[in-house]
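Step one of this worksheet: look at the structure below.
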Amino acid sequence: MKFETIATQGYTDLKKQNHAISMPIYATTAYSFDSVEHAVNLFDLKVEGDIYSRLTNPSNEMIEKRIAALEGGVGALAVSSGQSAILIAILNIAQCGDEVVTSSKIYGGTYNLFAKTFQQMGINVKFIDSDNIEDYENAITNKTKCIYAESIGNPSIKVADIENLAKLAHKHGVPLIIDNTVATPYLLRPFDFGADIVVHSTTKYLSGHGNAMGGCIVDSGKFDWRKNDKFKMLTTPDESYHGIIYTEAFKEAAYIAKSRTHLIRDLGCCMSPFNAYLTMLGLETLHVRMDRHCENAKKLVEHLAKHPHINFVTYPNYEGSKDYELAKKYLPKGASSLIGFGVDGDGIKFIEALKLFIHATNLGDVRSIITYPAGTTHRQLSDEQKIKAGITDDYMRASIGLENIDDIIEDIDNAIKISRK
Ligand SMILES: Cc1ncc(COP(=O)(O)O)c(C=O)c1O
């Protein structure tokens, strides 16, 4: 099946859901056992079935199967937010004393998780300021457990060179984890370029309507965890689960099985089935929305690039962009709808003059949303930290929605005028 068909109908078993054509919400915490023997077999993972919704839920399973198919993976785990997806994806293979290598130009929430919370847990994350693959290689040691990158960075809007990062990771016997939130599998499938694990904040484009927090981890099933002795958590008995050896019991789906049976069991950050339902509604139109998101963003970028009072525009998919070649390779269908630009005027006046753009911190919504990082989310950073994060005082980050492009352009033009009075 092609992408659009999977997005709208993939893995729906109408008989199993009482012929309801819209995905049912299984609002239940627990499931009855047929007998004690049935319960024992479920707990021993000898038969498939549900025990308790922290671990599995039929609504969540539907969204997991569909996202896994869209990304081309062997399995997925739906969780409560993008942050939980990133937390679990890394804790599934790293523990105290281990290291992770990543870019310094990643989402601020992830940066904090890595720089503060992981540090408190004894996991040392090394941040690379440049785009140079050699700098990544120099940061790798025998304690490194993965390379982590965003396919399109937020708010930097940088495109990751996934193929070369994957080659580097594999050369050193570790997986590449890609946050594919901004690109979505419709525009880019990281597994096609060698990535091993994908994480999503489904809060953004996948659900798409700004109404459901959620996250997802997808396993490509291609990384061989047994190749070296770095991943004992997967290749030796897990005493917390009857001594199970994930790579033996679950073969190529070992990573995603462990994230569920071990981490979601212990940490508890599962997706609510109601949010799985809202996310499924969004997924069914992902391809249609992404085409329009990309088209509107590109038209606005072309307009801003010629505007006399715009200092710069950041968007990978236009000639003159630093990442144009990478965008041509990795994002031929479009570069999503996250754009950055610098206004030659008063930033606060600009933001407050916008009527159609909503001033909020979200992206991937059907509505156009703008944030002013230097005045809000990145206000506490030093000048040096702001430069490292790619944030200047005039930098505006916008997520372009599905409104009529003429109205979007008019709103921005009007606010620029007011910002200069
Ligand atoms: C690229 C990226 N990854 C992860 C997250 C975190 O997702 P959530 O807000 O669903 O926890 C965000 C949030 O903005 C994001 O932009």
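Please note that chains go A, B, ... in the order of the structure tokens, that every chain numbers its residues from 1, and that ligands are numbered from 1 in the order shown.
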How would you write, as a PDB file with C-alpha atoms, in the first residue's frame, the set of residues no farther than 7 Å from ligand 1 when counting only C-alpha atoms and all ligand atoms?
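And here is the file that came out, result_3.pdb:
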```
ATOM      1  CA  SER A  81       4.260  13.182  24.818  1.00  0.00           C
ATOM      2  CA  GLY A  82       7.229  13.784  22.565  1.00  0.00           C
ATOM      3  CA  GLN A  83       9.369  14.305  25.655  1.00  0.00           C
ATOM      4  CA  SER A  84       8.432  10.837  26.959  1.00  0.00           C
ATOM      5  CA  TYR A 107      14.513  21.566  20.532  1.00  0.00           C
ATOM      6  CA  GLY A 109      12.976  20.909  25.845  1.00  0.00           C
ATOM      7  CA  THR A 110      15.194  18.099  24.574  1.00  0.00           C
ATOM      8  CA  GLU A 150      16.365  16.073  14.543  1.00  0.00           C
ATOM      9  CA  GLY A 153      15.635  21.084  13.821  1.00  0.00           C
ATOM     10  CA  ASN A 154      13.341  23.183  15.978  1.00  0.00           C
ATOM     11  CA  ASP A 179      13.414  12.987  15.954  1.00  0.00           C
ATOM     12  CA  THR A 181       8.540  15.441  14.364  1.00  0.00           C
ATOM     13  CA  VAL A 182       8.868  18.396  11.990  1.00  0.00           C
ATOM     14  CA  HIS A 200       7.894  11.752  17.309  1.00  0.00           C
ATOM     15  CA  SER A 201       6.054  14.380  19.186  1.00  0.00           C
ATOM     16  CA  THR A 202       2.660  13.381  17.732  1.00  0.00           C
ATOM     17  CA  THR A 203       1.410  16.558  19.424  1.00  0.00           C
ATOM     18  CA  MET A 213      -0.380  15.648  23.530  1.00  0.00           C
ATOM     19  CA  GLY A 214       1.353  12.469  22.442  1.00  0.00           C
ATOM     20  CA  GLY A 215       4.566  10.809  21.379  1.00  0.00           C
ATOM     21  CA  ASN A 362       3.355  25.016  19.369  1.00  0.00           C
ATOM     22  CA  LEU A 363       3.870  23.980  15.775  1.00  0.00           C
TER      23      LEU A 363
END
```
Residues near region 338-343 of chain A, anyone? I mean within 8 Å using only C-alpha atoms, not counting same-chain ones fewer than 4 positions away, as a PDB file with C-alpha atoms, in the first residue's frame.
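What ended up in selection_15.pdb:
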```pdb
ATOM      1  CA  PRO A 155      13.769  26.164  16.154  1.00  0.00           C
ATOM      2  CA  SER A 156      16.988  26.140  14.096  1.00  0.00           C
ATOM      3  CA  ILE A 157      15.219  24.631  11.011  1.00  0.00           C
ATOM      4  CA  VAL A 182       8.868  18.396  11.990  1.00  0.00           C
ATOM      5  CA  ALA A 297       5.272  27.988   3.832  1.00  0.00           C
ATOM      6  CA  VAL A 301       9.142  32.390   2.294  1.00  0.00           C
ATOM      7  CA  HIS A 309      12.254  44.976   5.926  1.00  0.00           C
ATOM      8  CA  ILE A 310      13.068  41.313   6.450  1.00  0.00           C
ATOM      9  CA  ASN A 311      16.670  40.743   7.578  1.00  0.00           C
ATOM     10  CA  PHE A 312      16.853  37.028   6.714  1.00  0.00           C
ATOM     11  CA  VAL A 313      14.670  34.011   6.046  1.00  0.00           C
ATOM     12  CA  THR A 314      15.421  30.466   7.214  1.00  0.00           C
ATOM     13  CA  TYR A 315      13.691  27.669   5.310  1.00  0.00           C
ATOM     14  CA  GLY A 347       9.928  42.470  17.681  1.00  0.00           C
ATOM     15  CA  PHE A 350       5.459  42.944  15.417  1.00  0.00           C
ATOM     16  CA  LEU A 363       3.870  23.980  15.775  1.00  0.00           C
ATOM     17  CA  GLY A 364       2.294  21.667  13.241  1.00  0.00           C
ATOM     18  CA  ASP A 394      15.059  39.710  15.650  1.00  0.00           C
ATOM     19  CA  TYR A 395      14.368  35.984  15.125  1.00  0.00           C
ATOM     20  CA  MET A 396      10.730  34.958  14.669  1.00  0.00           C
ATOM     21  CA  ARG A 397       9.772  31.273  14.367  1.00  0.00           C
ATOM     22  CA  ALA A 398       6.506  30.538  12.625  1.00  0.00           C
ATOM     23  CA  SER A 399       4.566  27.382  11.913  1.00  0.00           C
ATOM     24  CA  ILE A 400       2.537  28.096   8.808  1.00  0.00           C
ATOM     25  CA  ILE A 416       5.909  44.576   9.750  1.00  0.00           C
TER      26      ILE A 416
END
```
Do you know which residues are at most 7 Å from Ser336 (chain A) counting only C-alpha atoms, after dropping those on the same chain fewer than 3 positions away, and could you put them as a PDB file with C-alpha atoms, in the first residue's frame?
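Output contents, as saved in result_26.pdb:
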```pdb
ATOM      1  CA  VAL A 182       8.868  18.396  11.990  1.00  0.00           C
ATOM      2  CA  ALA A 183       9.387  16.439   8.754  1.00  0.00           C
ATOM      3  CA  MET A 290       1.429  18.366   4.738  1.00  0.00           C
ATOM      4  CA  HIS A 293       1.543  23.251   4.910  1.00  0.00           C
ATOM      5  CA  CYS A 294       4.568  23.037   2.576  1.00  0.00           C
TER       6      CYS A 294
END
```
Note to self: Taking 4 positions as the minimum chain separation for residues in the same chain, which residues sit within 10 Å of Phe33 (chain A) when counting only C-alpha atoms? Answer as an MDAnalysis selection string.
What the structure shows: chainID A and resid 37:40 42 49:51
Filtering to C-alpha atoms, could you give me those residues as a PDB file, in the first residue's frame?
```pdb
ATOM      1  CA  GLU A  37      -3.728 -20.252  32.912  1.00  0.00           C
ATOM      2  CA  HIS A  38      -4.629 -17.497  30.412  1.00  0.00           C
ATOM      3  CA  ALA A  39      -3.411 -14.844  32.877  1.00  0.00           C
ATOM      4  CA  VAL A  40      -0.153 -16.716  33.472  1.00  0.00           C
ATOM      5  CA  LEU A  42      -0.184 -13.351  29.203  1.00  0.00           C
ATOM      6  CA  GLY A  49      -3.376  -9.979  24.582  1.00  0.00           C
ATOM      7  CA  ASP A  50      -3.999  -7.082  26.912  1.00  0.00           C
ATOM      8  CA  ILE A  51      -3.430  -7.049  30.654  1.00  0.00           C
TER       9      ILE A  51
END
```
Note to self: Give me the residues near Gln119 (chain A) as a list of chain:residue names, where near means some atom within 12 Å (using only C-alpha atoms) and where sequence neighbours in that chain fewer than 5 positions away do not count.
What the structure shows: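 Here the qualifying residues turn out to be A:Gln95, A:Cys96, A:Gly97, A:Asp98, A:Glu99, A:Val100, A:Tyr111, A:Asn112, A:Leu113, A:Phe114, A:Asn124, A:Val125, A:Lys126.
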Note to self: So that I can check the surroundings of Leu206 (chain A), please list as a ChimeraX atom specification every protein, DNA and RNA residue that reaches within 12 Å of it, counting only C-alpha atoms and ignoring chain neighbours fewer than 5 positions away.
What the structure shows: /A:7,63,66-67,70-71,82,180-187,199-201,211-216,275-290,363-366
Next item on the list: Enumerate the residues of region 185-342 of chain A with a DSSP assignment of alpha helix (DSSP H), computed from the backbone, and present them as a count of residues only.
Entry: 57
Notebook entry, point to check: Could you state the separation of CA of Ile217 (chain A) and CA of Phe3 (chain A) in Å, given to one decimal place?
Noted result: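 Interatomic distance, CA of Ile217 (chain A) to CA of Phe3 (chain A): 18.7 Å.
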Spatial neighbours of Pro58 (chain A), max dist 9 Å, only C-alpha atoms, sep filter under 2 positions, as an mmCIF file with N, CA, C and O atoms, in the first residue's frame:
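The resulting file, out-v7.cif, is reproduced below:
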```
data_model
loop_
_atom_site.group_PDB
_atom_site.id
_atom_site.type_symbol
_atom_site.label_atom_id
_atom_site.label_comp_id
_atom_site.auth_asym_id
_atom_site.auth_seq_id
_atom_site.Cartn_x
_atom_site.Cartn_y
_atom_site.Cartn_z
ATOM 1 N N PRO A 24 -12.484 2.901 17.405
ATOM 2 C CA PRO A 24 -13.102 2.984 18.745
ATOM 3 C C PRO A 24 -12.084 3.402 19.817
ATOM 4 O O PRO A 24 -10.893 3.129 19.676
ATOM 5 N N ILE A 25 -12.597 4.046 20.845
ATOM 6 C CA ILE A 25 -11.740 4.409 21.985
ATOM 7 C C ILE A 25 -11.977 3.358 23.070
ATOM 8 O O ILE A 25 -13.096 3.233 23.584
ATOM 9 N N TYR A 26 -10.956 2.592 23.382
ATOM 10 C CA TYR A 26 -11.072 1.581 24.438
ATOM 11 C C TYR A 26 -10.754 2.243 25.777
ATOM 12 O O TYR A 26 -9.607 2.251 26.211
ATOM 13 N N ASP A 50 -4.161 -8.250 26.046
ATOM 14 C CA ASP A 50 -3.999 -7.082 26.912
ATOM 15 C C ASP A 50 -4.160 -7.458 28.381
ATOM 16 O O ASP A 50 -4.987 -8.303 28.732
ATOM 17 N N SER A 53 -3.794 -1.190 30.753
ATOM 18 C CA SER A 53 -3.585 -0.182 29.705
ATOM 19 C C SER A 53 -2.295 0.635 29.826
ATOM 20 O O SER A 53 -1.945 1.366 28.910
ATOM 21 N N THR A 56 -0.502 -2.024 27.277
ATOM 22 C CA THR A 56 -1.107 -2.074 25.935
ATOM 23 C C THR A 56 -2.576 -1.689 26.025
ATOM 24 O O THR A 56 -3.217 -1.880 27.065
ATOM 25 N N ASN A 60 -4.467 2.318 21.354
ATOM 26 C CA ASN A 60 -3.052 2.693 21.184
ATOM 27 C C ASN A 60 -2.374 1.771 20.171
ATOM 28 O O ASN A 60 -1.540 2.220 19.379
ATOM 29 N N GLU A 61 -2.773 0.495 20.204
ATOM 30 C CA GLU A 61 -2.160 -0.457 19.275
ATOM 31 C C GLU A 61 -2.456 -0.059 17.821
ATOM 32 O O GLU A 61 -1.608 -0.183 16.942
ATOM 33 N N MET A 62 -3.671 0.459 17.593
ATOM 34 C CA MET A 62 -4.022 0.853 16.210
ATOM 35 C C MET A 62 -3.130 1.992 15.742
ATOM 36 O O MET A 62 -2.634 1.989 14.613
ATOM 37 N N ILE A 63 -2.908 2.959 16.616
ATOM 38 C CA ILE A 63 -2.081 4.104 16.213
ATOM 39 C C ILE A 63 -0.610 3.670 16.087
ATOM 40 O O ILE A 63 0.111 4.117 15.190
ATOM 41 N N PRO A 273 -5.915 6.584 25.561
ATOM 42 C CA PRO A 273 -6.603 6.099 24.354
ATOM 43 C C PRO A 273 -7.414 7.197 23.665
ATOM 44 O O PRO A 273 -7.598 7.162 22.457
#
```
Please, which residues of region 137-282 of chain A, numbered as in this document, come out strand (DSSP E) from DSSP, as an mmCIF file with N, CA and C atoms, in the first residue's frame?
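So result_22.cif came out as:
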```
data_model
loop_
_atom_site.group_PDB
_atom_site.id
_atom_site.type_symbol
_atom_site.label_atom_id
_atom_site.label_comp_id
_atom_site.auth_asym_id
_atom_site.auth_seq_id
_atom_site.Cartn_x
_atom_site.Cartn_y
_atom_site.Cartn_z
ATOM 1 N N THR A 144 29.827 5.730 24.258
ATOM 2 C CA THR A 144 28.713 6.285 23.477
ATOM 3 C C THR A 144 27.706 5.188 23.145
ATOM 4 N N LYS A 145 26.409 5.500 23.378
ATOM 5 C CA LYS A 145 25.365 4.505 23.100
ATOM 6 C C LYS A 145 24.498 4.861 21.899
ATOM 7 N N CYS A 146 24.523 6.124 21.468
ATOM 8 C CA CYS A 146 23.777 6.482 20.251
ATOM 9 C C CYS A 146 24.152 7.887 19.802
ATOM 10 N N ILE A 147 23.825 8.151 18.524
ATOM 11 C CA ILE A 147 23.842 9.535 18.028
ATOM 12 C C ILE A 147 22.375 9.930 17.912
ATOM 13 N N TYR A 148 22.074 11.166 18.297
ATOM 14 C CA TYR A 148 20.687 11.640 18.291
ATOM 15 C C TYR A 148 20.616 12.933 17.474
ATOM 16 N N ALA A 149 19.629 13.036 16.579
ATOM 17 C CA ALA A 149 19.489 14.266 15.773
ATOM 18 C C ALA A 149 18.022 14.501 15.416
ATOM 19 N N GLU A 150 17.715 15.749 15.028
ATOM 20 C CA GLU A 150 16.365 16.073 14.543
ATOM 21 C C GLU A 150 16.427 16.180 13.022
ATOM 22 N N LEU A 176 21.511 5.247 15.237
ATOM 23 C CA LEU A 176 21.153 6.661 15.051
ATOM 24 C C LEU A 176 19.670 6.815 15.386
ATOM 25 N N ILE A 177 19.391 7.728 16.329
ATOM 26 C CA ILE A 177 17.993 8.015 16.693
ATOM 27 C C ILE A 177 17.623 9.363 16.068
ATOM 28 N N ILE A 178 16.520 9.383 15.326
ATOM 29 C CA ILE A 178 16.103 10.631 14.670
ATOM 30 C C ILE A 178 14.753 11.090 15.201
ATOM 31 N N ASP A 179 14.688 12.356 15.620
ATOM 32 C CA ASP A 179 13.414 12.987 15.954
ATOM 33 C C ASP A 179 12.829 13.496 14.633
ATOM 34 N N ILE A 197 16.213 4.258 14.809
ATOM 35 C CA ILE A 197 15.056 4.499 15.679
ATOM 36 C C ILE A 197 14.517 5.881 15.325
ATOM 37 N N VAL A 198 13.192 6.021 15.307
ATOM 38 C CA VAL A 198 12.586 7.336 15.078
ATOM 39 C C VAL A 198 11.721 7.688 16.282
ATOM 40 N N VAL A 199 11.777 8.950 16.691
ATOM 41 C CA VAL A 199 10.854 9.412 17.737
ATOM 42 C C VAL A 199 10.013 10.553 17.176
ATOM 43 N N HIS A 200 8.801 10.685 17.731
ATOM 44 C CA HIS A 200 7.894 11.752 17.309
ATOM 45 C C HIS A 200 7.258 12.425 18.509
ATOM 46 N N SER A 201 7.062 13.731 18.376
ATOM 47 C CA SER A 201 6.054 14.380 19.186
ATOM 48 C C SER A 201 4.822 14.355 18.286
ATOM 49 N N GLY A 215 3.247 11.095 21.943
ATOM 50 C CA GLY A 215 4.566 10.809 21.379
ATOM 51 C C GLY A 215 4.610 9.375 20.885
ATOM 52 N N CYS A 216 5.609 9.064 20.109
ATOM 53 C CA CYS A 216 5.721 7.712 19.581
ATOM 54 C C CYS A 216 7.189 7.379 19.309
ATOM 55 N N ILE A 217 7.547 6.128 19.561
ATOM 56 C CA ILE A 217 8.891 5.637 19.224
ATOM 57 C C ILE A 217 8.701 4.551 18.177
ATOM 58 N N VAL A 218 9.499 4.570 17.130
ATOM 59 C CA VAL A 218 9.382 3.550 16.079
ATOM 60 C C VAL A 218 10.739 2.866 15.921
ATOM 61 N N ASP A 219 10.699 1.545 15.814
ATOM 62 C CA ASP A 219 11.912 0.727 15.687
ATOM 63 C C ASP A 219 12.021 0.227 14.241
#
```
Checklist line | For Gly194 (chain A), the nearest of the candidates A:Arg420, A:Lys143, A:His209, A:Lys222, counting only C-alpha atoms | finding: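 For Gly194 (chain A), the nearest of the given residues is A:Lys222.
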Next item on the list: Go ahead and compute the interatomic distance for CA of Leu188 (chain A) and CA of Gly390 (chain A), in Å to one decimal.
Entry: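 CA of Gly390 (chain A) lies 23.5 Å from CA of Leu188 (chain A).
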Notebook entry, point to check: So, counting only C-alpha atoms, which residue among A:Gly210, A:Gly221, A:His303, A:Ile418 is closest to Ser368 (chain A)?
Noted result: A:Gly210
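Checking A:Val174, A:Asp393, A:Ala85, A:Ser337 one by one against Thr141 (chain A), counting only C-alpha atoms, you find the shortest gap at A:Val174.
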Notebook entry, point to check: What does the distance from CA of Asp413 (chain A) to CA of His307 (chain A) come to in Å, to one decimal?
Noted result: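 Interatomic distance here is 8.9 Å.
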